Structure formats: structure tokens, C-alpha cells
Amino acid sequence: MPEQEQNTPEPRTEADGAAMAPDTAARPVITIMHASVGSGHKAAANAVAQAIDRMRGTCGVPADVEVEVIDILDFGRIKFDGNKTAASFTGATRPIYDIAWRYTLTGRVLWGGGTGWSRVMFPAFNEYIESKRPLAVIATHITAANVAVGARMITGFEYPIVCIPTDYEIEGWWPHKETDLFCVATEYMAETLRPRLVEESRIAITGIPVRGGFESPSDRSEDRRRFGIPEDKTVVLVMAGASLPQPYVRFRAAIEQTLPFLRRFENMHFVFLPGRDREYAERLRRIFEAMKLENVMVMDYVEDMASLMTASDVAILKSGGLAVTECLCARLPMILLGRSYGQEKANTTMLTGFGACMHATTARELITTLNRIHGHPETLKALLVNAEALRCPHAAEDIVEQTMGLVGTPRPRERHFAEFYWGGKPAHTR
């Protein structure tokens with residue numbers, strides 16, 4: 001439904017007809033947008049922001065650039081908690097979410113982008129764009145990307161929009177026709193975009209951005225001493241927490257079923273990471289003390305996860321996009337635990353298809369997998385070899401460089417209230 005079709009819109013004007021110009025003394029701005037729906041989108045946004053800081057004065061990044069990382073939900077007319085909303089799909093409603101994620105706008109009828117949502121829900125962001133006039137907008141969540149597209153159409157200010165899906169498949173609601181560059185993790189994802197009529201010039205295979213620290217080798221023995229973990233054991237990280245406990249309820253339940261069996265793994269040392277959930281950390285400590293388990297420990301929130309991961313031998317975790325990507329970058333073999341839904345199912349399918357991880361659906365399967373590793377630790381080497389093709393520790397820098405290559409190159413734009421279009425035959429069925 002086109003509002004009007006036109007070339008690149010002219011900037012808005014004051015009442016006297018003079019074009020509004022940005023303050024020439026203002027520092028250039030790059031806006032990085034996420035949505036507080038889980039922790040991965042924000043983590044990816046912060047990783048790109050850190051890369052921009054490291055690249056100041058190089059690769060087209062202005063030395064005086066101002067980097068703003070914003071949560072698009074803070075600009076909504078109606079305020080709601082994205083994390084709580086996402087957590088509502090972690091229980092019995094998970095299959096509903098799975099169906100919505102896997103089958104909405106993934107066929108031939110596709111979503112292009114438009115102004116409708118921005119006009120109704122996010123006028124505050126339109127004002128933000130008028131005030132800041134960013135050099136570029138980088139989005140790690142579909143809501144942020146769509147609002148950025150709408151604001152560009154409404155305000156008429158030109159800036160490239162770069163979209164970074166933070167999982168290993170692409171949702172149907174990304175604004176396909178209005179995104180200037182998709183930075184994706186794999187060729188598999190690029191094959192999803194091509195039938196959606198996204199040109200090759202608007203696709204870059206960069207990997208998913210992760211925080212700094214994974215690109216350089218570290219002293220494994222020194223890191224183990226620093227974290228207080230044994231040097232002569234196979235160290236197993238149990239990644240059982242993040243910023244929210246709700247997504248980990250089923251994961252933790254499965255892990256707790258394995259606790260009585262851990263003492264049999266004499267050559268392994270289990271490090272439990274409950275994230276910021278102090279109550280769960282104390283609960284684990286009480287359980288371990290009562291069971292008199294000697295090959296386990298609990299660590300409170302760890303800032304230097306890169307060093308801890310590179311010092312470990314294998315991780316047990318959920319198949320969240322950022323978590324598995326950090327394991328890939330740390331060369332840390334993975335055991336994915338539990339049934340996965342939506343984007344996490346896509347992550348599990350991709351990683352197991354590459355032979356880059358093991359997958360255990362139940363606690364009993366996890367014990368069987370640990371038995372295999374305990375008796376044959378060399379099996380972890382095969383996972384590392386297979387995972388190397390997916391390892392992209394410099395993804396954030398590559399994304400920044402690709403983004404700066406788009407700055408200052410305007411494209412013809414059209415304005416739509418809402419645009420659906422007909423694509424090609426999907427490369428992948430879900």
C-alpha cells in the first residue's frame with residue numbers, strides 16, 4: 001500500500017521554507033538499536049559499539065564519532081517489558097511461538113517495510129532521527145529495524161540501515177526491501193534472503209558479533225589458575241543463567257536431574273554459571289554441599305567470559321544465538337541441552353548439521369553424552385574441526401567496515417504505509 005512513490009525525499013523545512021540543517025558543530029552519530037527481548041540482541045549491539053570504538057579514525061569511522069546504543073522499546077508510545085513478554089513463551093506456550101516464528105512470512109508473500117508502525121507506535125523515535133541525523137543505523141532486532149525504516153521514510157533523512165540477525169536463520173518480519181545491508185552468519189542464511197529478492201550487494205556473510213576477547217589466544221594454564229579450576233581435568237561449563245531466569249527453567253530442571261550422576265565423572269570438573277541469579281547460585285551451593293560433590297563449583301557472574309570459555313573443554317548450554325556464537329569463537333565444544341523452539345531450533349539444526357556440537361534432549365541423553373566424552377575425550381576434537389568453518393571472531397569489525405562503506409551513498413527510496421511483495425520459491429522449508 002504505497003503512501004507515495006518518490007526518489008530520495010528532501011529534508012523537512014521550516015515555515016519560511018529554509019531547509020533544516022544539522023548543527024555543524026555536532027559530533028557525527030552512529031545509532032545501534034536493539035530490543036530488550038532476551039539478552040542476545042543487546043549483547044550483539046554492544047559488541048558492534050565496542051568495535052566502533054576500537055576502529056575510530058580507521059575504515060571510514062570518524063575519530064570523533066558518537067556511538068549510541070538504544071533500546072527501541074524505550075521509544076514506544078505504549079510501554080511494555082519485552083523481557084517479560086518473551087518469558088511468557090518459555091512454558092506451555094512454546095509451541096505457539098515456534099509455529100509463529102517458523103511459518104510467518106517465510107514463503108512467497110513477504111514483508112518489505114513501511115511507515116505504519118512508526119507513525120502509530122514510535123513517533124518519539126522519529127523525533128530522535130530528526131534531532132540526531134545519524135550517519136547510519138545498525139539494528140539487531142526486527143522491531144528496531146522496522147522502526148528505523150519507518151523513521152527514514154517519514155523524516156526524509158538519508159542513512160543506511162544495516163540489519164544483523166542474531167541467530168542462524170532469518171525471521172520473516174525483517175524489512176527486506178528497505179534494508180541496505182543484511183549481515184548474516186552463514187551462506188545458509190544468505191540462501192534464505194535471495195528468494196526474498198534481497199540482492200547480492202545487500203548481503204554480507206560476516207558472522208554474528210560478539211564482545212571482545214575471543215580474537216586472541218590466551219594462556220590456558222594461567223586462566224585456569226586465575227579462575228581456580230583444576231588444570232588436570234576436563235572442565236565442563238554449565239551455562240545455566242543470563243539476565244532472566246525464566247528461559248532457563250526447563251534447562252535447569254534437566255540439569256538438576258543429572259546431579260546425582262556427576263560424581264562418577266572423576267576426570268571432569270563441572271563449573272556452574274548461574275549468571276546474575278544469586279538466589280539460584282546459593283541454591284546450587286547448598287545442594288552440592290549436601291551431596292558432598294567434589295568435582296563441581298559455582299561461579300557468580302563472570303565479566304571475563306572469553307578467558308573462562310577458552311580455558312574450558314566443553315560447555316552445556318541452551319541454543320541461544322549469542323551463547324553458541326561465543327562458544328564457536330572461543331573454540332569451545334558444545335552440548336546443547338533440551339528441546340528447542342523457534343530461532344533456537346534453527347540454531348540447533350544448523351550446528352548439528354555441521355557436526356559442530358552434540359545435542360541431548362533429556363537429562364538421560366546428557367548423561368550418555370558425558371559418559372562418551374569421559375571415556376573418549378578425543379571426540380571433542382572432531383567438534384572443533386567441524387565448527388571452525390562457523391567461527392568469525394572479527395564479525396563486529398567486519399560489520400562496522402561494511403556499514404561505513406554505505407555512508408554517504410544515497411539510494412532511491414520509496415515511501416509505503418505497508419509493503420508486502422511476492423518473492424521466489426523459498427530456499428529452505430521450515
# chains A, B, ... in the order shown; residues from 1 in each chain; ligands from 1
call {"tool": "select_by_dssp", "arguments": {"residues": "region 202-251 of chain A", "states": "alpha helix (DSSP H)", "output": "count of residues only"}}
result
11
call {"tool": "residues_around", "arguments": {"residues": "Lys132 (chain A)", "least_positions_apart": "2", "cutoff": "8 Å", "atoms": "only C-alpha atoms", "output": "list in words"}}
result
Pro22, Val29, Tyr128, Ile129, Glu130 and Pro134 of chain A
call {"tool": "write_last_selection", "arguments": {"atoms": "N, CA, C and O atoms", "output": "short mmCIF file (atom, residue, chain, number, x, y, z; two decimals), in the first residue's frame"}}
result
data_model
loop_
_atom_site.label_atom_id
_atom_site.label_comp_id
_atom_site.auth_asym_id
_atom_site.auth_seq_id
_atom_site.Cartn_x
_atom_site.Cartn_y
_atom_site.Cartn_z
N PRO A 22 21.50 20.12 10.08
CA PRO A 22 22.00 19.71 11.38
C PRO A 22 23.06 20.68 11.88
O PRO A 22 23.70 21.38 11.10
N VAL A 29 27.06 10.83 14.55
CA VAL A 29 26.45 9.81 15.40
C VAL A 29 26.21 8.53 14.59
O VAL A 29 25.78 8.58 13.44
N TYR A 128 13.76 11.52 17.42
CA TYR A 128 15.17 11.22 17.67
C TYR A 128 15.98 11.34 16.38
O TYR A 128 17.07 11.94 16.36
N ILE A 129 15.47 10.79 15.29
CA ILE A 129 16.17 10.85 14.00
C ILE A 129 16.30 12.30 13.54
O ILE A 129 17.36 12.73 13.05
N GLU A 130 15.24 13.08 13.69
CA GLU A 130 15.30 14.49 13.29
C GLU A 130 16.37 15.24 14.09
O GLU A 130 17.04 16.13 13.57
N PRO A 134 21.64 10.47 12.28
CA PRO A 134 22.80 9.57 12.37
C PRO A 134 23.42 9.28 11.01
O PRO A 134 22.75 9.32 9.97
#
call {"tool": "residues_around", "arguments": {"residues": "region 153-165 of chain A", "least_positions_apart": "3", "cutoff": "6 Å", "atoms": "only C-alpha atoms", "output": "list in words"}}
result
Pro9, Glu10, Pro11, Leu135, Ala136, Val137, Ile138, Ala139, Thr140, Gly150, Thr179, Asp180, Leu181, Phe182, Cys183 and Arg415 of chain A
call {"tool": "write_last_selection", "arguments": {"atoms": "all heavy atoms", "output": "short mmCIF file (atom, residue, chain, number, x, y, z; two decimals), in the first residue's frame"}}
result
data_model
loop_
_atom_site.label_atom_id
_atom_site.label_comp_id
_atom_site.auth_asym_id
_atom_site.auth_seq_id
_atom_site.Cartn_x
_atom_site.Cartn_y
_atom_site.Cartn_z
N PRO A 9 13.72 11.47 -0.47
CA PRO A 9 12.96 12.61 -0.02
C PRO A 9 13.86 13.78 0.35
O PRO A 9 14.99 13.60 0.81
CB PRO A 9 12.21 12.08 1.20
CG PRO A 9 12.30 10.59 1.11
CD PRO A 9 13.58 10.31 0.39
N GLU A 10 13.31 14.98 0.17
CA GLU A 10 14.03 16.18 0.60
C GLU A 10 13.89 16.33 2.10
O GLU A 10 12.89 15.92 2.69
CB GLU A 10 13.42 17.42 -0.08
CG GLU A 10 13.62 17.44 -1.58
CD GLU A 10 15.09 17.53 -1.95
OE1 GLU A 10 15.85 18.19 -1.23
OE2 GLU A 10 15.49 16.92 -2.95
N PRO A 11 14.91 16.91 2.78
CA PRO A 11 14.78 17.15 4.21
C PRO A 11 13.61 18.06 4.51
O PRO A 11 13.20 18.87 3.68
CB PRO A 11 16.11 17.81 4.58
CG PRO A 11 17.05 17.43 3.48
CD PRO A 11 16.21 17.32 2.25
N LEU A 135 24.72 8.97 11.04
CA LEU A 135 25.40 8.53 9.82
C LEU A 135 24.84 7.20 9.34
O LEU A 135 24.75 6.95 8.13
CB LEU A 135 26.90 8.36 10.09
CG LEU A 135 27.71 9.60 10.44
CD1 LEU A 135 29.15 9.19 10.76
CD2 LEU A 135 27.68 10.61 9.31
N ALA A 136 24.49 6.34 10.28
CA ALA A 136 23.97 5.02 9.95
C ALA A 136 23.20 4.51 11.15
O ALA A 136 23.42 4.92 12.29
CB ALA A 136 25.11 4.06 9.60
N VAL A 137 22.29 3.59 10.88
CA VAL A 137 21.55 2.89 11.94
C VAL A 137 21.81 1.40 11.76
O VAL A 137 21.62 0.85 10.67
CB VAL A 137 20.04 3.19 11.87
CG1 VAL A 137 19.28 2.29 12.84
CG2 VAL A 137 19.77 4.65 12.20
N ILE A 138 22.23 0.76 12.84
CA ILE A 138 22.51 -0.68 12.85
C ILE A 138 21.52 -1.32 13.80
O ILE A 138 21.41 -0.91 14.96
CB ILE A 138 23.96 -0.96 13.29
CG1 ILE A 138 24.95 -0.25 12.36
CG2 ILE A 138 24.24 -2.46 13.33
CD1 ILE A 138 26.39 -0.31 12.83
N ALA A 139 20.77 -2.31 13.33
CA ALA A 139 19.69 -2.91 14.12
C ALA A 139 19.96 -4.39 14.34
O ALA A 139 20.27 -5.13 13.39
CB ALA A 139 18.35 -2.72 13.42
N THR A 140 19.81 -4.83 15.58
CA THR A 140 20.00 -6.25 15.92
C THR A 140 18.67 -6.92 16.27
O THR A 140 18.67 -8.05 16.77
CB THR A 140 20.98 -6.42 17.09
OG1 THR A 140 20.43 -5.80 18.26
CG2 THR A 140 22.32 -5.79 16.77
N GLY A 150 10.79 3.02 8.99
CA GLY A 150 9.68 3.96 9.01
C GLY A 150 10.13 5.38 9.27
O GLY A 150 9.64 6.33 8.63
N THR A 179 16.09 -2.70 3.72
CA THR A 179 17.37 -2.87 4.41
C THR A 179 18.51 -2.69 3.41
O THR A 179 18.53 -3.30 2.35
CB THR A 179 17.45 -4.26 5.05
OG1 THR A 179 16.46 -4.36 6.08
CG2 THR A 179 18.82 -4.53 5.64
N ASP A 180 19.47 -1.83 3.76
CA ASP A 180 20.60 -1.58 2.86
C ASP A 180 21.63 -2.69 2.90
O ASP A 180 22.32 -2.94 1.92
CB ASP A 180 21.26 -0.25 3.23
CG ASP A 180 20.32 0.92 2.98
OD1 ASP A 180 20.17 1.32 1.83
OD2 ASP A 180 19.71 1.41 3.96
N LEU A 181 21.74 -3.38 4.06
CA LEU A 181 22.70 -4.47 4.17
C LEU A 181 22.25 -5.43 5.25
O LEU A 181 21.95 -5.02 6.37
CB LEU A 181 24.09 -3.93 4.50
CG LEU A 181 25.21 -4.99 4.55
CD1 LEU A 181 25.48 -5.55 3.15
CD2 LEU A 181 26.49 -4.39 5.12
N PHE A 182 22.19 -6.71 4.89
CA PHE A 182 21.99 -7.77 5.87
C PHE A 182 23.37 -8.37 6.17
O PHE A 182 24.05 -8.85 5.26
CB PHE A 182 21.08 -8.87 5.33
CG PHE A 182 19.61 -8.59 5.46
CD1 PHE A 182 18.90 -8.06 4.39
CD2 PHE A 182 18.94 -8.85 6.64
CE1 PHE A 182 17.55 -7.80 4.49
CE2 PHE A 182 17.59 -8.59 6.76
CZ PHE A 182 16.89 -8.07 5.68
N CYS A 183 23.76 -8.38 7.43
CA CYS A 183 24.99 -9.03 7.87
C CYS A 183 24.60 -10.34 8.54
O CYS A 183 24.05 -10.34 9.65
CB CYS A 183 25.77 -8.14 8.82
SG CYS A 183 26.44 -6.65 8.04
N ARG A 415 8.21 5.50 -0.43
CA ARG A 415 7.54 5.61 0.85
C ARG A 415 6.27 4.76 0.82
O ARG A 415 5.47 4.89 -0.09
CB ARG A 415 7.19 7.08 1.14
CG ARG A 415 6.55 7.30 2.50
CD ARG A 415 6.28 8.76 2.73
NE ARG A 415 7.51 9.52 2.85
CZ ARG A 415 7.56 10.83 3.08
NH1 ARG A 415 6.43 11.52 3.17
NH2 ARG A 415 8.71 11.44 3.18
#
call {"tool": "residues_around", "arguments": {"residues": "region 360-366 of chain A", "least_positions_apart": "6", "cutoff": "12 Å", "atoms": "only C-alpha atoms", "output": "count of residues only"}}
result
31
call {"tool": "atom_distance", "arguments": {"atom1": "CA of Val149 (chain A)", "atom2": "CA of Glu187 (chain A)"}}
result
25.1 Å
call {"tool": "closest_residue", "arguments": {"among": "A:Phe227, A:Tyr188, A:Phe214, A:Trp101", "to": "Cys327 (chain A)", "atoms": "only C-alpha atoms"}}
result
A:Phe214
call {"tool": "atom_distance", "arguments": {"atom1": "CA of Gly228 (chain A)", "atom2": "CA of Leu308 (chain A)"}}
result
10.5 Å
call {"tool": "residues_around", "arguments": {"residues": "Thr310 (chain A)", "least_positions_apart": "3", "cutoff": "10 Å", "atoms": "only C-alpha atoms", "output": "compact mmCIF listing (two decimals) with N, CA, C and O atoms, in the first residue's frame"}}
result
# COMPACT_ATOMS: atom_id res chain seq x y z
N GLY A 213 37.70 -10.09 23.07
CA GLY A 213 38.40 -11.05 23.90
C GLY A 213 38.52 -12.42 23.29
O GLY A 213 39.33 -13.24 23.74
N PHE A 214 37.73 -12.70 22.25
CA PHE A 214 37.74 -14.02 21.64
C PHE A 214 38.71 -14.12 20.46
O PHE A 214 38.96 -15.21 19.96
N PRO A 217 44.54 -15.60 21.22
CA PRO A 217 44.77 -16.75 22.10
C PRO A 217 45.20 -16.28 23.49
O PRO A 217 45.84 -15.25 23.65
N SER A 218 44.81 -17.05 24.51
CA SER A 218 45.18 -16.69 25.88
C SER A 218 45.99 -17.83 26.50
O SER A 218 46.12 -18.91 25.93
N ASP A 219 46.54 -17.55 27.67
CA ASP A 219 47.33 -18.54 28.40
C ASP A 219 46.37 -19.44 29.18
O ASP A 219 45.84 -19.06 30.22
N ARG A 220 46.12 -20.61 28.66
CA ARG A 220 45.11 -21.51 29.23
C ARG A 220 45.44 -21.89 30.68
O ARG A 220 44.56 -21.85 31.55
N ASP A 223 44.90 -18.90 32.95
CA ASP A 223 43.47 -18.62 33.14
C ASP A 223 42.84 -19.62 34.10
O ASP A 223 42.01 -19.25 34.94
N ARG A 224 43.24 -20.88 34.01
CA ARG A 224 42.68 -21.88 34.93
C ARG A 224 43.09 -21.59 36.37
O ARG A 224 42.28 -21.72 37.30
N MET A 305 34.25 -13.59 30.37
CA MET A 305 33.79 -14.90 29.90
C MET A 305 34.69 -15.45 28.80
O MET A 305 34.83 -16.67 28.67
N ALA A 306 35.31 -14.59 28.02
CA ALA A 306 36.16 -15.08 26.93
C ALA A 306 37.28 -15.95 27.48
O ALA A 306 37.56 -17.04 26.97
N SER A 307 37.93 -15.48 28.54
CA SER A 307 39.04 -16.25 29.12
C SER A 307 38.55 -17.55 29.75
O SER A 307 39.19 -18.60 29.64
N ASP A 313 36.88 -27.00 28.42
CA ASP A 313 36.95 -28.06 27.40
C ASP A 313 35.63 -28.31 26.69
O ASP A 313 35.62 -28.73 25.52
N VAL A 314 34.51 -28.09 27.35
CA VAL A 314 33.20 -28.33 26.74
C VAL A 314 32.16 -27.54 27.54
O VAL A 314 32.34 -27.28 28.73
N GLU A 326 29.51 -17.33 20.87
CA GLU A 326 30.67 -17.13 21.73
C GLU A 326 31.44 -18.44 21.91
O GLU A 326 32.68 -18.43 21.93
N CYS A 327 30.72 -19.55 22.03
CA CYS A 327 31.41 -20.84 22.13
C CYS A 327 32.20 -21.13 20.86
O CYS A 327 33.34 -21.62 20.91
N CYS A 329 33.48 -18.94 18.81
CA CYS A 329 34.65 -18.05 18.76
C CYS A 329 35.71 -18.45 19.77
O CYS A 329 36.90 -18.23 19.55
N ALA A 330 35.29 -19.04 20.90
CA ALA A 330 36.23 -19.49 21.93
C ALA A 330 36.80 -20.88 21.64
O ALA A 330 37.60 -21.38 22.42
N ARG A 331 36.39 -21.47 20.53
CA ARG A 331 36.76 -22.87 20.21
C ARG A 331 36.40 -23.79 21.37
O ARG A 331 37.20 -24.64 21.81
N LEU A 332 35.18 -23.64 21.86
CA LEU A 332 34.68 -24.43 22.97
C LEU A 332 33.60 -25.38 22.47
O LEU A 332 32.52 -24.94 22.06
call {"tool": "closest_residue", "arguments": {"among": "A:Ser118, A:Thr325, A:Thr93, A:Thr192", "to": "Gly207 (chain A)", "atoms": "only C-alpha atoms"}}
result
A:Thr325
call {"tool": "atom_distance", "arguments": {"atom1": "CA of Thr234 (chain A)", "atom2": "CA of Asn347 (chain A)"}}
result
25.5 Å
call {"tool": "closest_residue", "arguments": {"among": "A:Asp98, A:Phe122, A:Ala47, A:Ala204", "to": "Thr403 (chain A)", "atoms": "only C-alpha atoms"}}
result
A:Ala204
call {"tool": "residues_around", "arguments": {"residues": "region 398-400 of chain A", "least_positions_apart": "3", "cutoff": "7 Å", "atoms": "only C-alpha atoms", "output": "PyMOL selection string"}}
result
chain A and resi 52+183+206+394-395+403-404
call {"tool": "closest_residue", "arguments": {"among": "A:Val407, A:Val48, A:Val236, A:Ala290", "to": "Phe265 (chain A)", "atoms": "only C-alpha atoms"}}
result
A:Val236
call {"tool": "closest_residue", "arguments": {"among": "A:Ala148, A:Ala44, A:Val296, A:Met350", "to": "Met268 (chain A)", "atoms": "only C-alpha atoms"}}
result
A:Val296
call {"tool": "closest_residue", "arguments": {"among": "A:His176, A:Arg391, A:Lys233, A:His416", "to": "Pro377 (chain A)", "atoms": "only C-alpha atoms"}}
result
A:Lys233
call {"tool": "residues_around", "arguments": {"residues": "Ile70 (chain A)", "least_positions_apart": "4", "cutoff": "8 Å", "atoms": "only C-alpha atoms", "output": "PyMOL selection string"}}
result
chain A and resi 31-34+74
call {"tool": "decode", "arguments": {"residues": "region 137-169 of chain A", "atoms": "N, CA and C atoms", "output": "PDB file, in the first residue's frame"}}
result
ATOM      1  N   VAL A 137      22.288   3.589  10.884  1.00  0.00           N
ATOM      2  CA  VAL A 137      21.551   2.889  11.935  1.00  0.00           C
ATOM      3  C   VAL A 137      21.806   1.401  11.765  1.00  0.00           C
ATOM      4  N   ILE A 138      22.234   0.757  12.843  1.00  0.00           N
ATOM      5  CA  ILE A 138      22.510  -0.676  12.845  1.00  0.00           C
ATOM      6  C   ILE A 138      21.516  -1.319  13.798  1.00  0.00           C
ATOM      7  N   ALA A 139      20.766  -2.309  13.325  1.00  0.00           N
ATOM      8  CA  ALA A 139      19.693  -2.911  14.119  1.00  0.00           C
ATOM      9  C   ALA A 139      19.956  -4.393  14.338  1.00  0.00           C
ATOM     10  N   THR A 140      19.814  -4.833  15.582  1.00  0.00           N
ATOM     11  CA  THR A 140      19.995  -6.249  15.919  1.00  0.00           C
ATOM     12  C   THR A 140      18.671  -6.922  16.270  1.00  0.00           C
ATOM     13  N   HIS A 141      17.554  -6.236  16.023  1.00  0.00           N
ATOM     14  CA  HIS A 141      16.237  -6.811  16.298  1.00  0.00           C
ATOM     15  C   HIS A 141      15.265  -6.317  15.233  1.00  0.00           C
ATOM     16  N   ILE A 142      14.296  -7.147  14.880  1.00  0.00           N
ATOM     17  CA  ILE A 142      13.380  -6.788  13.801  1.00  0.00           C
ATOM     18  C   ILE A 142      12.543  -5.555  14.125  1.00  0.00           C
ATOM     19  N   THR A 143      12.125  -5.401  15.380  1.00  0.00           N
ATOM     20  CA  THR A 143      11.346  -4.213  15.724  1.00  0.00           C
ATOM     21  C   THR A 143      12.168  -2.960  15.492  1.00  0.00           C
ATOM     22  N   ALA A 144      13.402  -2.971  15.949  1.00  0.00           N
ATOM     23  CA  ALA A 144      14.287  -1.820  15.748  1.00  0.00           C
ATOM     24  C   ALA A 144      14.475  -1.542  14.265  1.00  0.00           C
ATOM     25  N   ALA A 145      14.672  -2.580  13.473  1.00  0.00           N
ATOM     26  CA  ALA A 145      14.902  -2.391  12.045  1.00  0.00           C
ATOM     27  C   ALA A 145      13.691  -1.775  11.367  1.00  0.00           C
ATOM     28  N   ASN A 146      12.508  -2.253  11.685  1.00  0.00           N
ATOM     29  CA  ASN A 146      11.302  -1.726  11.059  1.00  0.00           C
ATOM     30  C   ASN A 146      11.024  -0.289  11.476  1.00  0.00           C
ATOM     31  N   VAL A 147      11.283   0.044  12.713  1.00  0.00           N
ATOM     32  CA  VAL A 147      11.074   1.423  13.165  1.00  0.00           C
ATOM     33  C   VAL A 147      12.082   2.356  12.502  1.00  0.00           C
ATOM     34  N   ALA A 148      13.316   1.882  12.315  1.00  0.00           N
ATOM     35  CA  ALA A 148      14.325   2.700  11.624  1.00  0.00           C
ATOM     36  C   ALA A 148      13.926   2.956  10.177  1.00  0.00           C
ATOM     37  N   VAL A 149      13.356   1.946   9.518  1.00  0.00           N
ATOM     38  CA  VAL A 149      12.879   2.117   8.142  1.00  0.00           C
ATOM     39  C   VAL A 149      11.760   3.147   8.093  1.00  0.00           C
ATOM     40  N   GLY A 150      10.791   3.018   8.993  1.00  0.00           N
ATOM     41  CA  GLY A 150       9.682   3.956   9.013  1.00  0.00           C
ATOM     42  C   GLY A 150      10.133   5.383   9.269  1.00  0.00           C
ATOM     43  N   ALA A 151      11.067   5.549  10.196  1.00  0.00           N
ATOM     44  CA  ALA A 151      11.558   6.892  10.504  1.00  0.00           C
ATOM     45  C   ALA A 151      12.267   7.513   9.307  1.00  0.00           C
ATOM     46  N   ARG A 152      12.995   6.712   8.547  1.00  0.00           N
ATOM     47  CA  ARG A 152      13.682   7.240   7.366  1.00  0.00           C
ATOM     48  C   ARG A 152      12.671   7.696   6.318  1.00  0.00           C
ATOM     49  N   MET A 153      11.604   6.937   6.143  1.00  0.00           N
ATOM     50  CA  MET A 153      10.575   7.338   5.187  1.00  0.00           C
ATOM     51  C   MET A 153       9.849   8.607   5.637  1.00  0.00           C
ATOM     52  N   ILE A 154       9.545   8.690   6.923  1.00  0.00           N
ATOM     53  CA  ILE A 154       8.739   9.799   7.439  1.00  0.00           C
ATOM     54  C   ILE A 154       9.536  11.096   7.480  1.00  0.00           C
ATOM     55  N   THR A 155      10.772  11.030   7.977  1.00  0.00           N
ATOM     56  CA  THR A 155      11.561  12.254   8.143  1.00  0.00           C
ATOM     57  C   THR A 155      12.229  12.700   6.862  1.00  0.00           C
ATOM     58  N   GLY A 156      12.480  11.767   5.945  1.00  0.00           N
ATOM     59  CA  GLY A 156      13.200  12.113   4.724  1.00  0.00           C
ATOM     60  C   GLY A 156      14.692  12.231   4.890  1.00  0.00           C
ATOM     61  N   PHE A 157      15.220  11.912   6.077  1.00  0.00           N
ATOM     62  CA  PHE A 157      16.667  11.969   6.289  1.00  0.00           C
ATOM     63  C   PHE A 157      17.300  10.662   5.823  1.00  0.00           C
ATOM     64  N   GLU A 158      18.384  10.778   5.105  1.00  0.00           N
ATOM     65  CA  GLU A 158      19.026   9.620   4.497  1.00  0.00           C
ATOM     66  C   GLU A 158      20.071   9.027   5.425  1.00  0.00           C
ATOM     67  N   TYR A 159      19.992   7.718   5.640  1.00  0.00           N
ATOM     68  CA  TYR A 159      21.023   6.979   6.373  1.00  0.00           C
ATOM     69  C   TYR A 159      20.876   5.507   6.008  1.00  0.00           C
ATOM     70  N   PRO A 160      21.965   4.785   5.915  1.00  0.00           N
ATOM     71  CA  PRO A 160      21.863   3.344   5.655  1.00  0.00           C
ATOM     72  C   PRO A 160      21.365   2.598   6.884  1.00  0.00           C
ATOM     73  N   ILE A 161      20.588   1.570   6.643  1.00  0.00           N
ATOM     74  CA  ILE A 161      20.097   0.700   7.714  1.00  0.00           C
ATOM     75  C   ILE A 161      20.725  -0.674   7.522  1.00  0.00           C
ATOM     76  N   VAL A 162      21.460  -1.115   8.526  1.00  0.00           N
ATOM     77  CA  VAL A 162      22.152  -2.410   8.499  1.00  0.00           C
ATOM     78  C   VAL A 162      21.466  -3.329   9.501  1.00  0.00           C
ATOM     79  N   CYS A 163      21.054  -4.504   9.053  1.00  0.00           N
ATOM     80  CA  CYS A 163      20.346  -5.455   9.907  1.00  0.00           C
ATOM     81  C   CYS A 163      21.233  -6.642  10.242  1.00  0.00           C
ATOM     82  N   ILE A 164      21.248  -7.013  11.526  1.00  0.00           N
ATOM     83  CA  ILE A 164      22.073  -8.126  11.996  1.00  0.00           C
ATOM     84  C   ILE A 164      21.181  -9.139  12.702  1.00  0.00           C
ATOM     85  N   PRO A 165      20.706 -10.165  12.019  1.00  0.00           N
ATOM     86  CA  PRO A 165      20.008 -11.244  12.724  1.00  0.00           C
ATOM     87  C   PRO A 165      20.988 -11.936  13.680  1.00  0.00           C
ATOM     88  N   THR A 166      20.536 -12.160  14.908  1.00  0.00           N
ATOM     89  CA  THR A 166      21.447 -12.701  15.925  1.00  0.00           C
ATOM     90  C   THR A 166      21.245 -14.197  16.157  1.00  0.00           C
ATOM     91  N   ASP A 167      20.632 -14.856  15.185  1.00  0.00           N
ATOM     92  CA  ASP A 167      20.514 -16.312  15.199  1.00  0.00           C
ATOM     93  C   ASP A 167      20.916 -16.836  13.823  1.00  0.00           C
ATOM     94  N   TYR A 168      20.760 -18.133  13.630  1.00  0.00           N
ATOM     95  CA  TYR A 168      21.261 -18.765  12.411  1.00  0.00           C
ATOM     96  C   TYR A 168      20.151 -19.069  11.403  1.00  0.00           C
ATOM     97  N   GLU A 169      19.104 -18.271  11.433  1.00  0.00           N
ATOM     98  CA  GLU A 169      18.081 -18.221  10.396  1.00  0.00           C
ATOM     99  C   GLU A 169      17.396 -16.867  10.520  1.00  0.00           C
TER     100      GLU A 169
END
